[in-house]
Amino acid sequence: MIRTSARASLLALLLLAASSAEARADDDIKLEWSGRIQSDLRFRVEDKSIGDFYNELRLAPGVERNQNLFNLKLKSTFGRFTGVASVDFVLNGVTGKLDGLGDLSTYEKIQPYRFEPQALYIEGKDMIVKGLDLRVGHQIVSWGVADQFNPTNNLNADDLRDPLLFGRQQANFMVKLDYWVTKSLSVSGVLVPIFKPALLPYSAALGVGAVDRLPFTDANLRHRIAAETATSAGSPIGYPTVVSRATPVIPDPLPENMQVAFRIAGTIAEQDISLSYYNGRTDFPQPFLNHTKQTAGLRCDPNDATRCIKGVLETEVSLAYPKMHVYGLNATGEVNPFKWISEQIHGVGYRVEAALVVPQRQTLQLLNDALSVAIPLPAGEYDYENDGKPGGAQPAVVDATAFLKWTVGLDYAFGDHIYANVQWVHGLADELGAGDFLHEGYAVRQSSVTTNEADTRSRCVLSPQLTLLGDGTRCAREVLAPKLGDYIVLGVDLKFLDDAALLRLFTLWSMSGVTVTEWSESENKRVSRHFGLFTKEGFSAVLFPEFTYNFGNGLELGAGALIELGRDYTKFGDPAAGGSTVFTRARYSF
Amino acid sequence: MTRSFRGGLLLAASTLALMAHGGAARADAAGDKALAGMDSALNRAKTQFFEYEVINQEPGKGDRKLGLQVRLKGDKRFTEFTAPSDMKGTKVLIMSPTQMYVFLPSFGKVRRVASSVSDQGFMGMTFSQDDLASQSYGSLYDAKISSETPAEYKLALTPKAGQTPPYARIEVTIGKEKMLPSELKYFNAGGTNVKTETRTGYTCEGDVCTPAELKMVDNTKGGASTKMIRTKWKVNEAMSDDLFSKRALGE
């Protein structure tokens, strides 16, 4: 880390030295500054919770966010050279948990605040040779042409803390070189020395409560573990599994962990086309190690004294960021299929952004301390192959199979007041791994057993000789969704009152639905039923209405709602998505 | 999502605004000749740089101000907003009527914008995108001299056959000395004078003359108006083609 920082500093100094020597002949130095003050107040309007009484995580209705932000941006230009610094100061009105009376004397405990650098870089144009541009520092490199859903924007990690700003990314230190071969043809290379993970919304913490969302790609293993966990949780054992900790493991700052990307971009017949390549990592964590221990402790449901457990199987999960190669294609421009009807019909804007992702296979190792549940299990590794020997080939949570993500969008403005945008998104930012209509593969949204405790134990977990059966086929029930979902974005803007007022409705619809698989006694096999968008089981959508009024001279007020619909196991009904909120916002720019 | 899409809309609007100035054709030879003379006078410069202070005025409401820097070279336009503060730093590049880009500083991203966005207004300006884009009228309109004095022509412009320009009729007053328009009255298909534009305070650099102030009154909105006050102007200064590129936008 120190060496990388030193290299960056050296580069920056060289650039500054070059700029001071060469820029004298250019324009005068120009210093521009700007900023904004923004106040956000949001309310969660529904109760969202996950887990049972022994591991419940809850988002209660009430003030979801009371955030005040001050941004200051400085830009200095001296001829061909530029330096940019932009910093957010964020004051969070929601006080966190206090640890004691001492916290009442600590301002930052009562009024939490933080600084976030949004940009800090220097840039030189026509460095050494004409057309060669260099930018060094904390920056965002955004090559994707789609709106908000960008499978080829992999250099910067996502910043998903604010769902209203979906698609936002966090700046990171980079060295970026662009060479402009012609006015409309460029070749770019980027080096990112230090990997940064995605920033997640705080509601994502509820995800650890969903212990039933088994991540394995092998369905048989999932069924088996679903039956075993149901048995250990049920009577008479009474030891449900909980996740006590999830620890992301960031790659070491080693040369082999640096990210690189290249792009060639040009314009052909007024259509902008680019090809890109990225070698780095996914910024969303995947589990690679589970360690389980047994913790005794009798507890009963406060609302039902007959529901008790004897303890829990505490699992600590370690998460990693698998490597991946991404080959990208971006194309944007406009087409006019209706010009023959009238000259007054304009072209329709289009955006195509596609990524061929080749991920590194990631497996999940399951370790346990000595357990005394259905049968005593010694400390060691899980018997993946059910051959009576611990260990074996570790199961995959991400296959090495290549897969495609894409966003295809159209937009058009109807007259003075209406703008419409539609996009087909195949694979959201947090979706990783092959699994769609091109290549079967599923993510588990919910799992359970359909059999009672005794039947689960006898049919799927334990033989009469008290050996593990290792086959949950006849017991497990799963709600599945494709690993890569299909989503439709429909959005409309309506401007009125001389463009000062903007009424916007953007919506996001999950088109994939869910598939329920379970054992059928009548057919003597597992059967699947699909529930599409227009069923209550498969329905999942986001509605995002917003009204803003621009008073001019930098002042804007707005209000709206983010409504997340669907059952708890669906993409947007998921409690970890945060639940529906209403919001107000005031912004003054200067 | 919000800011990006909004940015797209604003871009479209600003794009149209950048294309400012224009239009004409044939009903009598003298009228067409006068219109051709005006078109020629409007398009003499190889490059131009403008700074405008834009003031939107609505009866009963306070003024709303915009600031623009506009660079013109041939059909290409590069515009940067200097005010209001929430738009400051936004840049719009028009390479052609069907190739337009916007740079949104809050996103640090260059976004391609479809030409349909050019139908949209911007920040309440009474100039439509087409009003601002028009630099040459003769290709769209036939012209007839409706009256003439020693100092002025008054032309009535009507759409050429096969053309569908934004207005059903324009009445243009042209000063004979410079052959430049001082007033344009725009009419809809119903014959209503929907807007009136005045161009005043012409100054010249060589044979290139531009107005110091443009004002558009929207007669359908209770007299709401937009004034564009030229605060800086440079003619035929060297402008590299590189300036009219995505690189210059900040990509």
# chains A, B, ... in the order shown; residues from 1 in each chain; ligands from 1
call {"tool": "residues_around", "arguments": {"residues": "Val358 of chain A", "least_positions_apart": "3", "cutoff": "10 Å", "atoms": "only C-alpha atoms", "output": "PyMOL selection string"}}
result
chain A and resi 279+323-327+355+361+399-404+433-434
call {"tool": "residues_around", "arguments": {"residues": "Tyr588 of chain A", "least_positions_apart": "5", "cutoff": "8 Å", "atoms": "only C-alpha atoms", "output": "PyMOL selection string"}}
result
(chain A and resi 36-38+554-556) or (chain B and resi 86)
call {"tool": "closest_atom_pairs", "arguments": {"of": "chain A", "to": "chain B", "cutoff": "6 Å", "atoms": "only C-alpha atoms", "output": "CSV"}}
result
residue,atom,partner,partner_atom,distance
A:Gln148,CA,B:Met1,CA,6.0
A:Leu165,CA,B:Met1,CA,5.6
A:Phe166,CA,B:Met1,CA,5.8
A:Glu334,CA,B:Ala114,CA,5.9
A:His346,CA,B:Ser116,CA,4.8
A:Gly347,CA,B:Ser115,CA,6.0
A:Gly349,CA,B:Ala114,CA,4.6
A:Tyr412,CA,B:Ser116,CA,5.8
A:Ala413,CA,B:Val117,CA,5.0
A:Gly415,CA,B:Asp119,CA,5.3
A:Asp416,CA,B:Gln120,CA,4.0
A:Asp498,CA,B:Gly124,CA,4.0
A:Asp499,CA,B:Gly124,CA,5.0
A:Gly552,CA,B:Arg64,CA,5.6
A:Asn553,CA,B:Pro84,CA,5.1
A:Gly554,CA,B:Asp86,CA,5.2
A:Ser589,CA,B:Asp86,CA,5.1
A:Phe590,CA,B:Ser85,CA,4.7
call {"tool": "write_last_selection", "arguments": {"atoms": "N, CA and C atoms", "output": "CSV table (one decimal), in the first residue's frame"}}
result
chain,number,residue,atom,x,y,z
A,148,GLN,N,-27.9,4.1,-15.7
A,148,GLN,CA,-27.9,3.5,-14.3
A,148,GLN,C,-27.6,2.0,-14.3
A,165,LEU,N,-30.2,6.7,-5.5
A,165,LEU,CA,-29.1,7.1,-6.5
A,165,LEU,C,-28.6,5.8,-7.1
A,166,PHE,N,-29.5,4.9,-7.4
A,166,PHE,CA,-29.0,3.6,-7.9
A,166,PHE,C,-28.1,3.8,-9.2
A,334,GLU,N,-28.8,7.1,-32.5
A,334,GLU,CA,-30.2,7.1,-32.7
A,334,GLU,C,-30.6,6.5,-34.0
A,346,HIS,N,-38.6,12.7,-34.8
A,346,HIS,CA,-37.1,12.7,-34.6
A,346,HIS,C,-36.7,11.2,-34.4
A,347,GLY,N,-35.4,11.1,-34.4
A,347,GLY,CA,-34.8,9.8,-34.1
A,347,GLY,C,-35.0,9.3,-32.7
A,349,GLY,N,-33.5,7.5,-29.5
A,349,GLY,CA,-32.2,7.2,-29.0
A,349,GLY,C,-32.1,5.8,-28.5
A,412,TYR,N,-37.1,8.6,-25.9
A,412,TYR,CA,-37.7,9.6,-26.9
A,412,TYR,C,-38.4,10.7,-26.1
A,413,ALA,N,-38.3,11.9,-26.7
A,413,ALA,CA,-39.0,13.0,-26.1
A,413,ALA,C,-40.2,13.3,-27.0
A,415,GLY,N,-42.6,16.0,-27.8
A,415,GLY,CA,-43.0,17.4,-27.7
A,415,GLY,C,-42.2,18.1,-26.6
A,416,ASP,N,-42.8,19.1,-26.1
A,416,ASP,CA,-42.1,20.0,-25.2
A,416,ASP,C,-42.0,19.4,-23.8
A,498,ASP,N,-43.5,26.0,-17.2
A,498,ASP,CA,-42.3,26.5,-17.8
A,498,ASP,C,-41.0,25.8,-17.4
A,499,ASP,N,-41.1,24.5,-17.3
A,499,ASP,CA,-40.0,23.6,-17.1
A,499,ASP,C,-39.5,23.6,-15.6
A,552,GLY,N,-35.3,28.1,-9.6
A,552,GLY,CA,-34.3,28.9,-10.2
A,552,GLY,C,-33.2,29.4,-9.3
A,553,ASN,N,-32.1,29.8,-9.9
A,553,ASN,CA,-31.0,30.4,-9.1
A,553,ASN,C,-30.5,29.4,-8.1
A,554,GLY,N,-30.6,28.1,-8.4
A,554,GLY,CA,-29.9,27.0,-7.6
A,554,GLY,C,-30.8,26.3,-6.6
A,589,SER,N,-27.8,24.9,-4.8
A,589,SER,CA,-26.4,24.8,-5.5
A,589,SER,C,-25.9,26.2,-5.7
A,590,PHE,N,-24.6,26.3,-5.5
A,590,PHE,CA,-24.0,27.6,-5.6
A,590,PHE,C,-22.7,27.5,-6.4
call {"tool": "residues_around", "arguments": {"residues": "Val84 of chain A", "least_positions_apart": "4", "cutoff": "8 Å", "atoms": "only C-alpha atoms", "output": "ChimeraX atom specification"}}
result
/A:73-76,119-122
call {"tool": "write_last_selection", "arguments": {"atoms": "N, CA and C atoms", "output": "PDB file, in the first residue's frame"}}
result
ATOM      1  N   LYS A  73     -16.625  21.739  -4.395  1.00  0.00           N
ATOM      2  CA  LYS A  73     -15.794  21.271  -5.504  1.00  0.00           C
ATOM      3  C   LYS A  73     -14.894  22.410  -5.975  1.00  0.00           C
ATOM      4  N   LEU A  74     -13.633  22.112  -6.098  1.00  0.00           N
ATOM      5  CA  LEU A  74     -12.662  23.086  -6.613  1.00  0.00           C
ATOM      6  C   LEU A  74     -12.039  22.535  -7.882  1.00  0.00           C
ATOM      7  N   LYS A  75     -11.887  23.392  -8.852  1.00  0.00           N
ATOM      8  CA  LYS A  75     -11.249  22.976 -10.105  1.00  0.00           C
ATOM      9  C   LYS A  75     -10.286  24.064 -10.534  1.00  0.00           C
ATOM     10  N   SER A  76      -9.047  23.676 -10.698  1.00  0.00           N
ATOM     11  CA  SER A  76      -8.050  24.633 -11.141  1.00  0.00           C
ATOM     12  C   SER A  76      -7.550  24.203 -12.513  1.00  0.00           C
ATOM     13  N   ALA A 119     -13.896  13.250  -5.475  1.00  0.00           N
ATOM     14  CA  ALA A 119     -12.927  13.332  -6.574  1.00  0.00           C
ATOM     15  C   ALA A 119     -11.678  14.030  -6.052  1.00  0.00           C
ATOM     16  N   LEU A 120     -10.544  13.565  -6.498  1.00  0.00           N
ATOM     17  CA  LEU A 120      -9.278  14.187  -6.108  1.00  0.00           C
ATOM     18  C   LEU A 120      -8.245  13.742  -7.140  1.00  0.00           C
ATOM     19  N   TYR A 121      -8.149  14.487  -8.213  1.00  0.00           N
ATOM     20  CA  TYR A 121      -7.259  14.036  -9.282  1.00  0.00           C
ATOM     21  C   TYR A 121      -6.643  15.220 -10.028  1.00  0.00           C
ATOM     22  N   ILE A 122      -5.584  14.887 -10.747  1.00  0.00           N
ATOM     23  CA  ILE A 122      -4.967  15.870 -11.631  1.00  0.00           C
ATOM     24  C   ILE A 122      -4.953  15.282 -13.038  1.00  0.00           C
TER      25      ILE A 122
END
call {"tool": "residues_around", "arguments": {"residues": "Glu51 of chain B", "least_positions_apart": "2", "cutoff": "8 Å", "atoms": "only C-alpha atoms", "output": "PyMOL selection string"}}
result
chain B and resi 49+53+67-70+230-233
call {"tool": "write_last_selection", "arguments": {"atoms": "N, CA and C atoms", "output": "PDB file, in the first residue's frame"}}
result
ATOM      1  N   PHE B  49     -17.795  33.083 -30.879  1.00  0.00           N
ATOM      2  CA  PHE B  49     -17.875  32.767 -29.454  1.00  0.00           C
ATOM      3  C   PHE B  49     -18.783  33.799 -28.796  1.00  0.00           C
ATOM      4  N   GLU B  53     -26.085  36.345 -21.065  1.00  0.00           N
ATOM      5  CA  GLU B  53     -26.847  36.308 -19.824  1.00  0.00           C
ATOM      6  C   GLU B  53     -28.306  36.169 -20.240  1.00  0.00           C
ATOM      7  N   GLY B  67     -26.754  31.427 -17.528  1.00  0.00           N
ATOM      8  CA  GLY B  67     -25.558  31.921 -18.188  1.00  0.00           C
ATOM      9  C   GLY B  67     -25.076  30.895 -19.197  1.00  0.00           C
ATOM     10  N   LEU B  68     -24.707  31.360 -20.385  1.00  0.00           N
ATOM     11  CA  LEU B  68     -24.283  30.444 -21.449  1.00  0.00           C
ATOM     12  C   LEU B  68     -23.012  30.939 -22.111  1.00  0.00           C
ATOM     13  N   GLN B  69     -22.155  30.008 -22.443  1.00  0.00           N
ATOM     14  CA  GLN B  69     -21.053  30.282 -23.368  1.00  0.00           C
ATOM     15  C   GLN B  69     -21.289  29.401 -24.587  1.00  0.00           C
ATOM     16  N   VAL B  70     -21.250  30.005 -25.748  1.00  0.00           N
ATOM     17  CA  VAL B  70     -21.545  29.262 -26.971  1.00  0.00           C
ATOM     18  C   VAL B  70     -20.402  29.433 -27.966  1.00  0.00           C
ATOM     19  N   ARG B 230     -26.090  39.584 -24.878  1.00  0.00           N
ATOM     20  CA  ARG B 230     -24.725  39.200 -25.238  1.00  0.00           C
ATOM     21  C   ARG B 230     -23.737  39.969 -24.370  1.00  0.00           C
ATOM     22  N   THR B 231     -22.919  39.254 -23.638  1.00  0.00           N
ATOM     23  CA  THR B 231     -21.940  39.925 -22.781  1.00  0.00           C
ATOM     24  C   THR B 231     -20.528  39.806 -23.330  1.00  0.00           C
ATOM     25  N   LYS B 232     -20.315  38.873 -24.210  1.00  0.00           N
ATOM     26  CA  LYS B 232     -18.997  38.734 -24.824  1.00  0.00           C
ATOM     27  C   LYS B 232     -19.185  38.128 -26.206  1.00  0.00           C
ATOM     28  N   TRP B 233     -18.349  38.559 -27.139  1.00  0.00           N
ATOM     29  CA  TRP B 233     -18.496  38.052 -28.506  1.00  0.00           C
ATOM     30  C   TRP B 233     -17.155  38.115 -29.219  1.00  0.00           C
TER      31      TRP B 233
END
call {"tool": "select_by_dssp", "arguments": {"residues": "segment 367-539 of chain A", "states": "strand (DSSP E)", "output": "number ranges by chain"}}
result
A: 367-368, 371-372, 376-377, 380-381, 396-398, 403-414, 418-426, 442-449, 476-482, 486-496, 501-510, 514-520, 525-531
call {"tool": "write_last_selection", "arguments": {"atoms": "C-alpha atoms", "output": "short mmCIF file (atom, residue, chain, number, x, y, z; two decimals), in the first residue's frame"}}
result
data_model
loop_
_atom_site.label_atom_id
_atom_site.label_comp_id
_atom_site.auth_asym_id
_atom_site.auth_seq_id
_atom_site.Cartn_x
_atom_site.Cartn_y
_atom_site.Cartn_z
CA LEU A 367 -16.04 -26.29 8.70
CA ASN A 368 -17.48 -27.04 12.09
CA LEU A 371 -21.37 -30.68 17.17
CA SER A 372 -23.88 -32.74 19.06
CA PRO A 376 -22.43 -36.35 17.23
CA LEU A 377 -20.17 -34.83 14.62
CA GLY A 380 -13.73 -30.92 10.91
CA GLU A 381 -15.03 -30.41 7.44
CA ALA A 396 -19.12 -24.15 -5.99
CA VAL A 397 -21.05 -20.98 -5.26
CA VAL A 398 -19.88 -19.36 -8.49
CA PHE A 403 -22.29 -15.43 -18.90
CA LEU A 404 -23.76 -12.34 -20.50
CA LYS A 405 -25.21 -9.26 -18.90
CA TRP A 406 -26.74 -6.48 -20.90
CA THR A 407 -28.86 -3.37 -20.92
CA VAL A 408 -30.74 -2.34 -24.03
CA GLY A 409 -32.57 0.95 -23.90
CA LEU A 410 -34.60 3.37 -25.98
CA ASP A 411 -35.59 6.93 -25.19
CA TYR A 412 -37.69 9.57 -26.88
CA ALA A 413 -39.00 13.02 -26.08
CA PHE A 414 -42.60 13.68 -27.08
CA ILE A 418 -42.79 14.42 -22.06
CA TYR A 419 -39.73 12.23 -22.05
CA ALA A 420 -39.92 8.43 -22.02
CA ASN A 421 -37.24 5.86 -21.33
CA VAL A 422 -37.47 2.08 -21.54
CA GLN A 423 -34.70 -0.40 -20.82
CA TRP A 424 -34.34 -4.16 -20.75
CA VAL A 425 -31.83 -5.05 -18.09
CA HIS A 426 -30.43 -8.58 -18.03
CA TYR A 442 -30.64 -20.49 -10.17
CA ALA A 443 -30.28 -18.44 -7.04
CA VAL A 444 -32.21 -19.64 -4.02
CA ARG A 445 -34.61 -17.01 -2.76
CA GLN A 446 -36.09 -19.22 -0.04
CA SER A 447 -35.77 -22.82 1.09
CA SER A 448 -37.54 -25.01 3.59
CA VAL A 449 -38.92 -28.54 3.85
CA ALA A 476 -36.64 -29.73 0.36
CA ARG A 477 -38.77 -27.00 -1.12
CA GLU A 478 -37.06 -24.14 -2.87
CA VAL A 479 -38.14 -20.82 -4.33
CA LEU A 480 -35.71 -20.11 -7.14
CA ALA A 481 -34.97 -17.19 -9.41
CA PRO A 482 -32.54 -17.14 -12.31
CA ASP A 486 -34.58 -9.90 -16.52
CA TYR A 487 -35.95 -6.50 -15.65
CA ILE A 488 -37.86 -3.86 -17.55
CA VAL A 489 -37.34 -0.20 -16.70
CA LEU A 490 -40.16 2.11 -17.74
CA GLY A 491 -39.84 5.78 -17.03
CA VAL A 492 -41.66 8.95 -17.91
CA ASP A 493 -40.86 12.59 -17.18
CA LEU A 494 -43.47 15.29 -17.40
CA LYS A 495 -42.24 18.88 -17.33
CA PHE A 496 -44.60 21.78 -16.84
CA ALA A 501 -41.83 21.52 -12.33
CA LEU A 502 -40.90 17.95 -13.04
CA LEU A 503 -43.14 14.99 -12.35
CA ARG A 504 -41.30 11.75 -12.83
CA LEU A 505 -42.37 8.15 -12.59
CA PHE A 506 -39.79 5.47 -13.03
CA THR A 507 -40.57 1.82 -12.54
CA LEU A 508 -38.59 -1.39 -12.46
CA TRP A 509 -40.32 -4.70 -13.08
CA SER A 510 -38.85 -8.12 -12.44
CA VAL A 514 -39.88 -17.32 -9.40
CA THR A 515 -39.88 -21.09 -9.72
CA VAL A 516 -40.97 -23.32 -6.85
CA THR A 517 -39.51 -26.82 -6.76
CA GLU A 518 -40.54 -29.55 -4.37
CA TRP A 519 -41.12 -33.27 -4.14
CA SER A 520 -44.37 -34.63 -5.57
CA LYS A 525 -40.24 -36.92 -8.43
CA ARG A 526 -39.41 -33.29 -7.86
CA VAL A 527 -41.65 -30.92 -9.77
CA SER A 528 -41.35 -27.25 -10.65
CA ARG A 529 -43.97 -24.55 -10.97
CA HIS A 530 -43.18 -21.17 -12.43
CA PHE A 531 -44.84 -17.99 -11.20
#
call {"tool": "residues_around", "arguments": {"residues": "segment 222-228 of chain A", "least_positions_apart": "4", "cutoff": "6 Å", "atoms": "only C-alpha atoms", "output": "ChimeraX atom specification"}}
result
/A:461,470-473,476
